[in-house]
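Note sheet for the following structure.
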Amino acid sequence: MSVYLVAQLKIRDRARYNQYVSGFMEIFAKYAGRVLAVDEAPKTLEGEWNYTRMVLLEFPSEEQARAWFESDEYQRLAQHRHAAADADIVLIKGL
């Protein structure tokens, strides 16, 4: 069953965040994931939007999503994201 990773980010340091972005796809491609959406100006239909970026990723399984997210290679890269942005990230199961 597919799973989706949803990330809402508040970017504080764009230059440092771009270091994260520059290495992202090389690592991500190894884990059978798909980038479904990236938006820095989503349309708020209800409530408040207090983020600067929204990302939606798809993986064939939770195991593959966690293998990517927990991999040493990704965690090293994610240090740039941690230094540059605050993030709320969830993993949700598809129907």
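Chain labels A, B, ... are given in the sequence in which chains occur in the structure tokens; within each chain residues are numbered consecutively from 1, and ligands are likewise numbered from 1 in the order shown.
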For Trp68 in chain A, work out the shell of residues within 9 Å, counting only C-alpha atoms and skipping chain neighbours fewer than 5 positions away, then give it as a PDB file with C-alpha atoms, in the first residue's frame.
ATOM      1  CA  ILE A  27      19.478  10.295  -2.376  1.00  0.00           C
ATOM      2  CA  PHE A  28      15.694  10.244  -2.801  1.00  0.00           C
ATOM      3  CA  LYS A  30      17.439   5.402  -4.559  1.00  0.00           C
ATOM      4  CA  TYR A  31      14.284   4.624  -2.548  1.00  0.00           C
ATOM      5  CA  GLY A  33       9.812   7.485  -4.023  1.00  0.00           C
ATOM      6  CA  GLU A  63       9.206   0.326   4.787  1.00  0.00           C
ATOM      7  CA  GLU A  73      22.930   9.284   3.843  1.00  0.00           C
ATOM      8  CA  TYR A  74      19.647  11.186   4.128  1.00  0.00           C
ATOM      9  CA  GLN A  75      20.142  12.015   7.799  1.00  0.00           C
TER      10      GLN A  75
END
**Prompt:** If you run DSSP on the backbone, which residues of chain A are strand (DSSP E), as a PyMOL selection string?
**Reply:** chain A and resi 3-11+34-39+53-59+85-93
**Request:** Do a neighbour search on Arg81 in chain A at 8 Å with only C-alpha atoms, toss out local chain neighbours closer than 5 positions, and write the hits as number ranges by chain.
**Result:** A: 16-17, 20, 86
**Request:** Just the residues within 12 Å of Asp13 in chain A, please, counting only C-alpha atoms, with nothing from its chain fewer than 2 positions along; format it as a PyMOL selection string.
**Result:** chain A and resi 9-11+15-20+52+80-86
Write the selection just made, keeping N, CA, C and O atoms, as a short mmCIF file (atom, residue, chain, number, x, y, z; two decimals), in the first residue's frame?
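What follows is the written file out11.cif:
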data_model
loop_
_atom_site.label_atom_id
_atom_site.label_comp_id
_atom_site.auth_asym_id
_atom_site.auth_seq_id
_atom_site.Cartn_x
_atom_site.Cartn_y
_atom_site.Cartn_z
N LEU A 9 7.09 23.25 5.99
CA LEU A 9 8.36 23.83 6.43
C LEU A 9 8.26 25.34 6.58
O LEU A 9 7.57 26.01 5.81
N LYS A 10 8.99 25.85 7.56
CA LYS A 10 9.21 27.29 7.72
C LYS A 10 10.70 27.51 7.51
O LYS A 10 11.52 27.20 8.38
N ILE A 11 11.05 28.00 6.35
CA ILE A 11 12.46 28.18 6.00
C ILE A 11 12.96 29.50 6.60
O ILE A 11 12.39 30.55 6.37
N ALA A 15 19.76 30.07 1.92
CA ALA A 15 21.03 29.58 1.38
C ALA A 15 21.36 28.20 1.96
O ALA A 15 21.76 27.30 1.23
N ARG A 16 21.19 28.04 3.24
CA ARG A 16 21.48 26.74 3.87
C ARG A 16 20.46 25.70 3.43
O ARG A 16 20.80 24.54 3.17
N TYR A 17 19.21 26.09 3.29
CA TYR A 17 18.18 25.16 2.82
C TYR A 17 18.48 24.70 1.39
O TYR A 17 18.27 23.54 1.05
N ASN A 18 19.01 25.58 0.57
CA ASN A 18 19.37 25.21 -0.79
C ASN A 18 20.47 24.15 -0.83
O ASN A 18 20.54 23.37 -1.78
N GLN A 19 21.32 24.09 0.19
CA GLN A 19 22.31 23.01 0.27
C GLN A 19 21.60 21.67 0.43
O GLN A 19 21.99 20.67 -0.15
N TYR A 20 20.54 21.67 1.21
CA TYR A 20 19.71 20.47 1.38
C TYR A 20 19.06 20.09 0.04
O TYR A 20 19.14 18.94 -0.39
N THR A 52 6.38 28.17 4.79
CA THR A 52 6.92 28.74 3.56
C THR A 52 7.08 27.70 2.45
O THR A 52 7.43 28.06 1.33
N HIS A 80 21.33 19.94 7.07
CA HIS A 80 21.18 21.26 6.46
C HIS A 80 19.74 21.76 6.64
O HIS A 80 19.52 22.93 6.95
N ARG A 81 18.77 20.87 6.45
CA ARG A 81 17.36 21.25 6.64
C ARG A 81 17.11 21.62 8.09
O ARG A 81 16.46 22.62 8.38
N HIS A 82 17.62 20.82 9.01
CA HIS A 82 17.42 21.10 10.43
C HIS A 82 17.98 22.47 10.81
O HIS A 82 17.39 23.18 11.61
N ALA A 83 19.12 22.83 10.23
CA ALA A 83 19.75 24.11 10.54
C ALA A 83 19.03 25.28 9.88
O ALA A 83 19.12 26.41 10.35
N ALA A 84 18.32 25.02 8.79
CA ALA A 84 17.75 26.10 7.98
C ALA A 84 16.24 26.27 8.11
O ALA A 84 15.71 27.29 7.70
N ALA A 85 15.55 25.27 8.66
CA ALA A 85 14.09 25.33 8.65
C ALA A 85 13.51 24.57 9.83
O ALA A 85 14.13 23.63 10.34
N ASP A 86 12.30 24.95 10.20
CA ASP A 86 11.50 24.16 11.12
C ASP A 86 10.54 23.34 10.26
O ASP A 86 10.04 23.85 9.25
#
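We find CA of Asp39 in chain A and CA of Gln8 in chain A to be spaced 9.9 Å apart.
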**Request:** Skip Ala7 in chain A itself and residues of its chain fewer than 6 positions away, then list as JSON, numbers by chain all residues within 10 Å of it, counting only C-alpha atoms.
**Result:** {"A": [38, 51, 53, 54, 55, 56, 57, 87, 88, 89, 90, 91]}
**Complete:** Among A:Ile92, A:Val21, A:Leu36, A:Val6, Glu62 in chain A is approached most closely, using only C-alpha atoms, by A:Ile92
**Request:** Have a look at A:Leu5, A:Ala32, A:Leu45, A:Ala37 and name the one nearest to Pro60 in chain A; count only C-alpha atoms.
**Result:**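 Using only C-alpha atoms, Pro60 in chain A sits closest to A:Ala32.
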